[in-house]
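Asker: This is run00.cif (mmCIF, C-alpha atoms).
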```cif
data_run
#
loop_
_atom_site.group_PDB
_atom_site.id
_atom_site.type_symbol
_atom_site.label_atom_id
_atom_site.label_comp_id
_atom_site.auth_asym_id
_atom_site.auth_seq_id
_atom_site.Cartn_x
_atom_site.Cartn_y
_atom_site.Cartn_z
ATOM 1 C CA MET D 1 61.318 105.448 70.066
ATOM 2 C CA ALA D 2 64.576 107.411 70.089
ATOM 3 C CA ALA D 3 67.742 105.383 69.610
ATOM 4 C CA MET D 4 69.811 104.841 72.744
ATOM 5 C CA ARG D 5 73.066 106.795 72.799
ATOM 6 C CA PRO D 6 76.219 104.650 72.660
ATOM 7 C CA ARG D 7 77.570 104.059 76.145
ATOM 8 C CA VAL D 8 81.222 104.403 77.136
ATOM 9 C CA VAL D 9 83.112 103.700 80.343
ATOM 10 C CA PHE D 10 86.426 105.568 80.595
ATOM 11 C CA CYS D 11 88.405 103.645 83.216
ATOM 12 C CA ALA D 12 91.831 104.053 84.819
ATOM 13 C CA ASP D 13 93.601 101.000 86.204
ATOM 14 C CA ASP D 14 96.002 100.816 89.180
ATOM 15 C CA PHE D 15 94.209 103.280 91.501
ATOM 16 C CA GLY D 16 96.042 103.188 94.829
ATOM 17 C CA LEU D 17 99.367 102.040 93.378
ATOM 18 C CA SER D 18 101.150 105.366 93.897
ATOM 19 C CA PRO D 19 100.529 109.066 94.574
ATOM 20 C CA GLU D 20 101.344 109.772 90.924
ATOM 21 C CA VAL D 21 98.556 107.464 89.753
ATOM 22 C CA ASN D 22 96.101 108.786 92.332
ATOM 23 C CA ALA D 23 96.701 112.434 91.415
ATOM 24 C CA ALA D 24 96.291 111.696 87.711
ATOM 25 C CA ILE D 25 93.025 109.847 88.255
ATOM 26 C CA GLU D 26 91.551 112.737 90.205
ATOM 27 C CA GLN D 27 92.718 115.237 87.581
ATOM 28 C CA ALA D 28 91.419 113.122 84.683
ATOM 29 C CA HIS D 29 88.040 112.809 86.397
ATOM 30 C CA ARG D 30 87.706 116.484 87.331
ATOM 31 C CA GLU D 31 89.170 117.996 84.165
ATOM 32 C CA GLY D 32 88.658 115.257 81.603
ATOM 33 C CA VAL D 33 86.498 112.319 80.619
ATOM 34 C CA LEU D 34 87.472 109.680 83.209
ATOM 35 C CA THR D 35 84.406 108.063 84.783
ATOM 36 C CA ALA D 36 85.773 104.985 86.599
ATOM 37 C CA ALA D 37 88.866 103.638 88.347
ATOM 38 C CA SER D 38 89.964 100.207 89.519
ATOM 39 C CA LEU D 39 91.488 100.024 93.006
ATOM 40 C CA MET D 40 94.447 97.806 94.006
ATOM 41 C CA VAL D 41 93.509 97.276 97.650
ATOM 42 C CA GLY D 42 96.885 95.904 98.811
ATOM 43 C CA GLU D 43 99.037 98.851 97.804
ATOM 44 C CA GLN D 44 100.443 101.634 99.994
ATOM 45 C CA ALA D 45 98.646 104.566 98.364
ATOM 46 C CA VAL D 46 95.167 103.098 98.921
ATOM 47 C CA PRO D 47 94.182 105.418 101.823
ATOM 48 C CA GLU D 48 94.842 108.432 99.593
ATOM 49 C CA ALA D 49 92.911 106.822 96.745
ATOM 50 C CA VAL D 50 89.916 106.205 99.014
ATOM 51 C CA ALA D 51 89.986 109.838 100.140
ATOM 52 C CA ILE D 52 90.018 110.932 96.491
ATOM 53 C CA ALA D 53 87.066 108.665 95.733
ATOM 54 C CA ARG D 54 85.102 110.054 98.667
ATOM 55 C CA ARG D 55 85.525 113.634 97.529
ATOM 56 C CA ASN D 56 84.658 112.689 93.943
ATOM 57 C CA PRO D 57 81.450 110.657 94.389
ATOM 58 C CA ARG D 58 80.735 110.516 90.642
ATOM 59 C CA LEU D 59 83.937 108.515 90.093
ATOM 60 C CA ALA D 60 82.831 104.867 89.978
ATOM 61 C CA VAL D 61 85.420 102.721 91.778
ATOM 62 C CA GLY D 62 85.804 98.966 91.432
ATOM 63 C CA LEU D 63 88.256 96.269 92.506
ATOM 64 C CA HIS D 64 91.435 95.759 90.468
ATOM 65 C CA LEU D 65 91.982 92.202 91.681
ATOM 66 C CA THR D 66 95.736 91.738 92.064
ATOM 67 C CA LEU D 67 97.281 88.260 91.982
ATOM 68 C CA THR D 68 100.602 89.023 90.282
ATOM 69 C CA ASP D 69 103.056 91.926 90.385
ATOM 70 C CA GLY D 70 101.623 93.337 93.576
ATOM 71 C CA THR D 71 101.057 93.036 97.310
ATOM 72 C CA PRO D 72 98.632 90.512 98.814
ATOM 73 C CA VAL D 73 96.068 91.394 101.448
ATOM 74 C CA LEU D 74 96.512 88.157 103.381
ATOM 75 C CA PRO D 75 99.774 87.461 105.242
ATOM 76 C CA PRO D 76 102.189 85.686 102.857
ATOM 77 C CA GLU D 77 102.365 82.628 105.118
ATOM 78 C CA ARG D 78 98.641 82.081 104.515
ATOM 79 C CA ILE D 79 99.105 81.887 100.734
ATOM 80 C CA PRO D 80 102.564 80.362 100.113
ATOM 81 C CA ALA D 81 101.623 78.985 96.688
ATOM 82 C CA LEU D 82 100.839 82.484 95.427
ATOM 83 C CA VAL D 83 103.826 84.495 96.674
ATOM 84 C CA GLN D 84 107.581 84.869 96.331
ATOM 85 C CA SER D 85 110.099 84.780 99.185
ATOM 86 C CA ASN D 86 109.797 88.575 99.504
ATOM 87 C CA GLY D 87 106.087 88.264 100.319
ATOM 88 C CA ARG D 88 104.887 89.784 97.047
ATOM 89 C CA PHE D 89 102.810 87.887 94.505
ATOM 90 C CA ARG D 90 104.615 85.676 92.052
ATOM 91 C CA ASP D 91 105.503 87.316 88.731
ATOM 92 C CA ASP D 92 105.653 84.071 86.720
ATOM 93 C CA MET D 93 102.066 84.170 85.516
ATOM 94 C CA ALA D 94 102.376 81.015 83.402
ATOM 95 C CA GLY D 95 103.930 79.101 86.277
ATOM 96 C CA LEU D 96 101.334 80.287 88.762
ATOM 97 C CA GLY D 97 98.596 79.432 86.295
ATOM 98 C CA LEU D 98 99.934 75.885 86.079
ATOM 99 C CA THR D 99 100.150 75.675 89.869
ATOM 100 C CA LEU D 100 96.494 76.658 90.146
ATOM 101 C CA ALA D 101 95.517 74.040 87.589
ATOM 102 C CA LEU D 102 97.374 71.250 89.402
ATOM 103 C CA SER D 103 97.012 72.073 93.088
ATOM 104 C CA ALA D 104 93.800 72.092 95.110
ATOM 105 C CA THR D 105 95.751 73.736 97.929
ATOM 106 C CA ALA D 106 96.752 76.602 95.664
ATOM 107 C CA ARG D 107 93.149 77.014 94.522
ATOM 108 C CA ALA D 108 92.013 77.213 98.152
ATOM 109 C CA GLN D 109 94.607 79.930 98.766
ATOM 110 C CA LEU D 110 93.364 81.745 95.655
ATOM 111 C CA ARG D 111 89.797 81.703 96.991
ATOM 112 C CA ALA D 112 90.986 83.042 100.342
ATOM 113 C CA GLU D 113 92.980 85.912 98.816
ATOM 114 C CA ILE D 114 90.165 86.933 96.478
ATOM 115 C CA ALA D 115 87.736 86.940 99.407
ATOM 116 C CA ALA D 116 90.205 89.041 101.413
ATOM 117 C CA GLN D 117 90.554 91.611 98.622
ATOM 118 C CA ILE D 118 86.787 91.913 98.279
ATOM 119 C CA ALA D 119 86.519 92.320 102.057
ATOM 120 C CA ALA D 120 89.261 94.980 102.007
ATOM 121 C CA PHE D 121 87.358 96.871 99.337
ATOM 122 C CA ARG D 122 84.149 96.651 101.364
ATOM 123 C CA ALA D 123 86.022 98.017 104.389
ATOM 124 C CA THR D 124 86.647 101.272 102.493
ATOM 125 C CA GLY D 125 82.923 101.969 102.571
ATOM 126 C CA LEU D 126 82.896 102.632 98.824
ATOM 127 C CA PRO D 127 80.308 100.911 96.627
ATOM 128 C CA CYS D 128 82.074 98.394 94.377
ATOM 129 C CA ASP D 129 81.192 99.312 90.807
ATOM 130 C CA HIS D 130 83.022 96.443 89.070
ATOM 131 C CA ILE D 131 85.769 93.848 89.256
ATOM 132 C CA ASN D 132 88.683 93.233 86.895
ATOM 133 C CA ALA D 133 92.210 91.892 87.291
ATOM 134 C CA HIS D 134 95.685 93.378 87.209
ATOM 135 C CA LYS D 135 97.474 92.349 84.015
ATOM 136 C CA HIS D 136 94.189 90.680 83.003
ATOM 137 C CA PHE D 137 95.119 87.579 84.984
ATOM 138 C CA HIS D 138 91.445 86.635 84.994
ATOM 139 C CA MET D 139 91.987 85.387 81.448
ATOM 140 C CA HIS D 140 93.016 82.240 83.341
ATOM 141 C CA PRO D 141 89.743 80.278 83.557
ATOM 142 C CA ILE D 142 90.306 79.143 87.157
ATOM 143 C CA ILE D 143 90.910 82.708 88.302
ATOM 144 C CA ALA D 144 87.904 83.951 86.333
ATOM 145 C CA ALA D 145 85.566 81.296 87.709
ATOM 146 C CA THR D 146 86.731 81.914 91.275
ATOM 147 C CA ALA D 147 86.636 85.695 91.033
ATOM 148 C CA PHE D 148 83.275 85.841 89.289
ATOM 149 C CA ARG D 149 81.622 83.572 91.873
ATOM 150 C CA ALA D 150 83.012 85.737 94.664
ATOM 151 C CA ALA D 151 81.874 88.891 92.877
ATOM 152 C CA ARG D 152 78.349 87.577 92.522
ATOM 153 C CA ALA D 153 78.215 86.720 96.230
ATOM 154 C CA ALA D 154 79.396 90.257 97.028
ATOM 155 C CA GLY D 155 76.771 91.907 94.827
ATOM 156 C CA ILE D 156 79.219 93.181 92.209
ATOM 157 C CA ARG D 157 77.449 93.550 88.868
ATOM 158 C CA ALA D 158 80.031 94.167 86.126
ATOM 159 C CA THR D 159 83.436 93.044 84.914
ATOM 160 C CA ARG D 160 85.910 93.457 82.087
ATOM 161 C CA ILE D 161 86.370 90.861 79.360
ATOM 162 C CA PRO D 162 89.653 91.929 77.739
ATOM 163 C CA TRP D 163 88.900 91.517 74.051
ATOM 164 C CA GLU D 164 89.598 94.341 71.635
ATOM 165 C CA PRO D 165 88.252 94.108 68.059
ATOM 166 C CA PRO D 166 91.316 94.199 65.785
ATOM 167 C CA ALA D 167 89.363 95.729 62.894
ATOM 168 C CA LEU D 168 88.325 98.700 65.041
ATOM 169 C CA ILE D 169 91.880 99.440 66.164
ATOM 170 C CA ARG D 170 93.178 99.152 62.614
ATOM 171 C CA THR D 171 90.795 101.830 61.410
ATOM 172 C CA VAL D 172 92.951 104.170 63.500
ATOM 173 C CA GLU D 173 96.323 102.484 63.071
ATOM 174 C CA PRO D 174 96.479 99.931 60.250
ATOM 175 C CA LYS D 175 99.693 98.296 61.484
ATOM 176 C CA ALA D 176 98.766 98.096 65.166
ATOM 177 C CA ALA D 177 99.614 94.829 66.920
ATOM 178 C CA THR D 178 96.262 93.402 67.976
ATOM 179 C CA ALA D 179 95.104 90.390 69.985
ATOM 180 C CA PRO D 180 95.632 86.988 68.356
ATOM 181 C CA ARG D 181 92.610 84.932 67.342
ATOM 182 C CA ALA D 182 93.888 82.151 69.610
ATOM 183 C CA LEU D 183 92.510 84.098 72.572
ATOM 184 C CA GLN D 184 88.937 84.035 71.302
ATOM 185 C CA PRO D 185 87.983 80.697 72.950
ATOM 186 C CA PHE D 186 89.161 82.076 76.308
ATOM 187 C CA VAL D 187 87.168 85.254 75.724
ATOM 188 C CA ALA D 188 84.064 83.224 74.900
ATOM 189 C CA LEU D 189 84.528 81.170 78.065
ATOM 190 C CA LEU D 190 84.905 84.301 80.180
ATOM 191 C CA ARG D 191 81.745 85.754 78.690
ATOM 192 C CA ARG D 192 79.845 82.575 79.626
ATOM 193 C CA LEU D 193 81.273 82.633 83.151
ATOM 194 C CA ALA D 194 80.352 86.310 83.537
ATOM 195 C CA ALA D 195 76.795 85.690 82.342
ATOM 196 C CA ARG D 196 76.452 82.688 84.641
ATOM 197 C CA ASN D 197 77.367 84.913 87.592
ATOM 198 C CA GLY D 198 75.202 87.866 86.602
ATOM 199 C CA LEU D 199 78.095 90.128 85.614
ATOM 200 C CA ALA D 200 77.505 92.631 82.826
ATOM 201 C CA VAL D 201 80.274 93.187 80.283
ATOM 202 C CA ALA D 202 80.956 95.684 77.525
ATOM 203 C CA ASP D 203 80.445 94.791 73.885
ATOM 204 C CA ARG D 204 84.073 95.699 73.301
ATOM 205 C CA VAL D 205 87.147 96.897 75.193
ATOM 206 C CA CYS D 206 89.784 99.346 73.927
ATOM 207 C CA GLY D 207 93.182 99.728 75.543
ATOM 208 C CA LEU D 208 95.060 96.497 74.907
ATOM 209 C CA ALA D 209 96.908 97.341 71.704
ATOM 210 C CA TRP D 210 98.010 100.721 73.048
ATOM 211 C CA SER D 211 98.523 99.754 76.691
ATOM 212 C CA GLY D 212 100.919 102.279 78.178
ATOM 213 C CA ALA D 213 100.839 104.348 74.990
ATOM 214 C CA PHE D 214 97.191 105.398 74.623
ATOM 215 C CA THR D 215 97.983 108.903 73.431
ATOM 216 C CA ALA D 216 95.620 111.805 72.852
ATOM 217 C CA ASP D 217 95.947 111.409 69.079
ATOM 218 C CA ARG D 218 94.925 107.756 69.281
ATOM 219 C CA LEU D 219 92.021 108.321 71.654
ATOM 220 C CA ALA D 220 90.721 111.328 69.711
ATOM 221 C CA ALA D 221 90.840 109.300 66.484
ATOM 222 C CA LEU D 222 89.156 106.272 68.061
ATOM 223 C CA LEU D 223 86.085 107.964 69.546
ATOM 224 C CA PRO D 224 84.311 108.892 66.273
ATOM 225 C CA ARG D 225 84.888 105.340 65.031
ATOM 226 C CA LEU D 226 83.201 103.580 67.950
ATOM 227 C CA PRO D 227 80.151 101.557 66.880
ATOM 228 C CA GLU D 228 76.813 101.443 68.661
ATOM 229 C CA GLY D 229 76.529 99.589 71.929
ATOM 230 C CA ARG D 230 78.669 99.545 75.067
ATOM 231 C CA THR D 231 82.390 100.231 75.015
ATOM 232 C CA GLU D 232 84.986 100.193 77.762
ATOM 233 C CA ILE D 233 88.123 102.286 77.237
ATOM 234 C CA TYR D 234 90.860 101.846 79.801
ATOM 235 C CA LEU D 235 94.141 103.663 80.325
ATOM 236 C CA HIS D 236 96.980 103.943 82.849
ATOM 237 C CA PRO D 237 97.317 107.644 83.695
ATOM 238 C CA ALA D 238 99.896 109.021 86.119
ATOM 239 C CA THR D 239 101.432 112.445 86.561
ATOM 240 C CA ALA D 240 104.879 110.909 85.894
ATOM 241 C CA GLY D 241 106.529 107.513 85.606
ATOM 242 C CA GLY D 242 109.361 106.083 87.660
ATOM 243 C CA PHE D 243 107.309 105.186 90.737
ATOM 244 C CA PRO D 244 107.603 101.803 92.521
ATOM 245 C CA GLY D 245 105.424 99.274 90.727
ATOM 246 C CA GLY D 246 105.308 101.329 87.529
ATOM 247 C CA ALA D 247 105.696 99.565 84.206
ATOM 248 C CA PRO D 248 108.932 100.360 82.349
ATOM 249 C CA GLY D 249 108.313 102.287 79.171
ATOM 250 C CA TYR D 250 104.718 103.263 79.931
ATOM 251 C CA ARG D 251 103.924 106.798 78.797
ATOM 252 C CA TYR D 252 101.894 107.587 81.888
ATOM 253 C CA ALA D 253 101.764 111.368 81.578
ATOM 254 C CA GLU D 254 100.709 111.091 77.943
ATOM 255 C CA GLU D 255 97.787 108.872 78.949
ATOM 256 C CA LEU D 256 96.741 111.500 81.494
ATOM 257 C CA ALA D 257 96.988 114.111 78.747
ATOM 258 C CA ALA D 258 94.787 111.948 76.510
ATOM 259 C CA LEU D 259 91.991 111.899 79.077
ATOM 260 C CA THR D 260 92.000 115.682 79.411
ATOM 261 C CA ASP D 261 92.620 116.578 75.758
ATOM 262 C CA PRO D 262 90.039 119.050 74.333
ATOM 263 C CA ARG D 263 89.473 116.845 71.266
ATOM 264 C CA VAL D 264 88.709 113.878 73.502
ATOM 265 C CA ARG D 265 86.384 115.891 75.746
ATOM 266 C CA GLU D 266 84.502 117.066 72.660
ATOM 267 C CA GLY D 267 84.420 113.577 71.125
ATOM 268 C CA ALA D 268 82.991 112.096 74.325
ATOM 269 C CA THR D 269 79.951 114.368 74.233
ATOM 270 C CA ARG D 270 78.133 112.090 71.784
ATOM 271 C CA PHE D 271 78.149 109.236 74.304
ATOM 272 C CA ALA D 272 76.409 108.439 77.542
ATOM 273 C CA THR D 273 79.295 107.984 79.985
ATOM 274 C CA GLY D 274 79.641 106.690 83.518
ATOM 275 C CA GLY D 275 80.750 103.727 85.589
ATOM 276 C CA TYR D 276 80.405 100.069 84.687
ATOM 277 C CA THR D 277 77.187 99.415 86.559
ATOM 278 C CA ALA D 278 75.469 102.477 85.079
ATOM 279 C CA MET D 279 76.690 101.911 81.536
ATOM 280 C CA LEU D 280 76.713 98.104 81.291
ATOM 281 C CA ALA D 281 74.325 96.638 83.839
ATOM 282 C CA ALA D 282 71.558 99.244 83.780
#
```
Step by step, read the file and then write its structure as structure tokens.

Answerer:
Amino acid sequence: MAAMRPRVVFCADDFGLSPEVNAAIEQAHREGVLTAASLMVGEQAVPEAVAIARRNPRLAVGLHLTLTDGTPVLPPERIPALVQSNGRFRDDMAGLGLTLALSATARAQLRAEIAAQIAAFRATGLPCDHINAHKHFHMHPIIAATAFRAARAAGIRATRIPWEPPALIRTVEPKAATAPRALQPFVALLRRLAARNGLAVADRVCGLAWSGAFTADRLAALLPRLPEGRTEIYLHPATAGGFPGGAPGYRYAEELAALTDPRVREGATRFATGGYTAMLAA
């Protein structure tokens, strides 16, 4: 029997956040290696993002669950434990995490907002390829358990477990700052929760160490070093920075350039590529 080709998902986060992000995602899909995108359903550029997805049916779109640094779907008065006075989600992730641990009321509001975001995604008419969370807030076990249960009920079949093998990244960049070992118990818990809810996950994820700075040189050097199995590579492309909601210091245009770089396009030819469901759950 012939060996199965390694599988790779090339994903862009923050779809729908701004026109700059939307344009980059379409360009990276049409001219580069991008195969998936994660949609922030509460943001203003979502209608444009949905139109892009409809005219690019091979782009697998999932839900980028947003519970911090973003706009809720429910009215703020319905979820007071989760929002600031301006109606946006709280930015104090540690404080909100503690609130969720201590307050049953806050957990009920969390369930309601997650259900509303899944419903908003369904209302687009797009198939939901996967679920993950903005700023990886689903590393919080309560958020993960709640989101994964809701995903299972909605028929979503794949998710991201944000763990990047330090040894792999250091083959490209020996002094790269990689994830601390202290996170491994949380990663193991998330893997168990995903399995319990029928959600497929990649064997590894790449994008954490170089978040906002995943350049063409780094991506081109990483691809030949990927081991067998299933890999998720995520980036944050945009045509330019400086848009509302953008992260200060992120090299957005360079991440777009990475996804369309000729070396990267050539390096990706040795893999089977596609969305999460096709690459991870099939």

Asker: Under the rule of at most 10 Å, produce a per-residue listing of region 152-262 of chain D near region 59-71 of chain D: chain, number, name, the closest pair of atoms, and the distance in Å, as JSON lines, using all atoms listed in the file.

Answerer:
```
{"residue": "D:Ile156", "atom": "CA", "partner": "D:Gly62", "partner_atom": "CA", "distance": 8.8}
{"residue": "D:Ala158", "atom": "CA", "partner": "D:Gly62", "partner_atom": "CA", "distance": 9.2}
{"residue": "D:Thr159", "atom": "CA", "partner": "D:Gly62", "partner_atom": "CA", "distance": 9.1}
{"residue": "D:Gly245", "atom": "CA", "partner": "D:Gly70", "partner_atom": "CA", "distance": 7.6}
```

Asker: Taking 3 positions as the minimum chain separation for residues in the same chain, which residues sit within 9 Å of Thr215 (chain D) when counting only C-alpha atoms? Answer as a PyMOL selection string.

Answerer: chain D and resi 210+212+218-220+251+254-259

Asker: Would you pick out the contacts of Phe186 (chain D) at 9 Å or less, using only C-alpha atoms, so that residues sharing its chain but fewer than 6 positions from it are not included, and give the list as a ChimeraX atom specification?

Answerer: /D:139-141

Asker: Please, what distance in Å, to one decimal, runs between CA of Ile161 (chain D) and CA of Val83 (chain D)?

Answerer: 25.4 Å

Asker: Calculated over all atoms listed in the file, which of the candidates D:Leu235, D:Arg225, D:Asp91, D:Ala133 has the smallest distance to Leu168 (chain D)?

Answerer: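 Closest to Leu168 (chain D), using all atoms listed in the file: D:Arg225.
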
Asker: Can you tell me which residues surround Val201 (chain D) at a distance of at most 8 Å, considering only C-alpha atoms, apart from same-chain residues fewer than 2 positions away, and format the answer as a list in words?

Answerer: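 With the cut-off at 8 Å, the set is Ala158, Thr159, Arg160, Ile161, Arg191, Ala194, Leu199, Asp203, Leu280 and Ala281 of chain D.
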
Asker: Using all atoms listed in the file, pick whichever of D:Glu164, D:Glu173, D:Glu26, D:Asp217 has the shortest atom-to-atom distance to Thr239 (chain D).

Answerer: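 Selected residue with least distance to Thr239 (chain D): D:Glu26.
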
Asker: Hey, which bits of region 1-43 of chain D sit within 10 Å of region 113-122 of chain D, and for each residue what's the closest pair of atoms and how far apart in Å (one decimal), counting all atoms listed in the file, rows by chain and increasing number, as CSV?

Answerer:
```
residue,atom,partner,partner_atom,distance
D:Leu39,CA,D:Phe121,CA,8.2
D:Met40,CA,D:Gln117,CA,8.7
D:Val41,CA,D:Phe121,CA,6.4
D:Gly42,CA,D:Gln117,CA,7.7
```

Asker: Can you tell me, as a list in words, which residues sit within 6 Å of (82.8, 113.9, 69.1) in the file's frame, using all atoms listed in the file?

Answerer: Pro224, Glu266, Gly267, Ala268, Thr269 and Arg270 of chain D

Asker: Choose the residue, out of D:Pro72, D:Leu222, D:Ile142, D:Asn132, that has the smallest atom-to-atom separation from Ser103 (chain D); count all atoms listed in the file.

Answerer: D:Ile142

Asker: Specify as an MDAnalysis selection string each residue included when the PyMOL selection byres ((chain D and resi 44) around 10) is applied to this file.

Answerer: chainID D and resid 16:19 40:43 45:49 71

Asker: Using all atoms listed in the file - which residues lie no farther than 9 Å from the point (92.1, 88.6, 70.7) in the file's frame? Write them as a VMD selection string.

Answerer: chain D and resid 162 to 166 178 to 184 187

Asker: Kindly save the residues from that selection, with C-alpha atoms included, as an mmCIF file, in the frame of the given file.

Answerer:
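Below is the file result.cif, written as the result:
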```
data_model
loop_
_atom_site.group_PDB
_atom_site.id
_atom_site.type_symbol
_atom_site.label_atom_id
_atom_site.label_comp_id
_atom_site.auth_asym_id
_atom_site.auth_seq_id
_atom_site.Cartn_x
_atom_site.Cartn_y
_atom_site.Cartn_z
ATOM 1 C CA PRO D 162 89.653 91.929 77.739
ATOM 2 C CA TRP D 163 88.900 91.517 74.051
ATOM 3 C CA GLU D 164 89.598 94.341 71.635
ATOM 4 C CA PRO D 165 88.252 94.108 68.059
ATOM 5 C CA PRO D 166 91.316 94.199 65.785
ATOM 6 C CA THR D 178 96.262 93.402 67.976
ATOM 7 C CA ALA D 179 95.104 90.390 69.985
ATOM 8 C CA PRO D 180 95.632 86.988 68.356
ATOM 9 C CA ARG D 181 92.610 84.932 67.342
ATOM 10 C CA ALA D 182 93.888 82.151 69.610
ATOM 11 C CA LEU D 183 92.510 84.098 72.572
ATOM 12 C CA GLN D 184 88.937 84.035 71.302
ATOM 13 C CA VAL D 187 87.168 85.254 75.724
#
```

Asker: In Å to one decimal, how far is CA of Pro227 (chain D) from CA of Ser211 (chain D)?

Answerer: 20.9 Å

Asker: Determine, counting all atoms listed in the file, which protein, DNA and RNA residues have an atom within 9 Å of an atom of Ala153 (chain D); residues of the same chain fewer than 4 positions away are not included. Present the result as a PyMOL selection string.

Answerer: chain D and resi 148-149+197

Asker: Mind telling me what the PyMOL selection byres ((chain D and resi 246) around 10) catches here, as an MDAnalysis selection string?

Answerer: chainID D and resid 14 17:18 20:21 236 238 240:245 247:250 252

Asker: Between CA of Pro80 (chain D) and CA of Gly97 (chain D), what is the distance, to one decimal in Å?

Answerer: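 These two atoms are separated by 14.4 Å.
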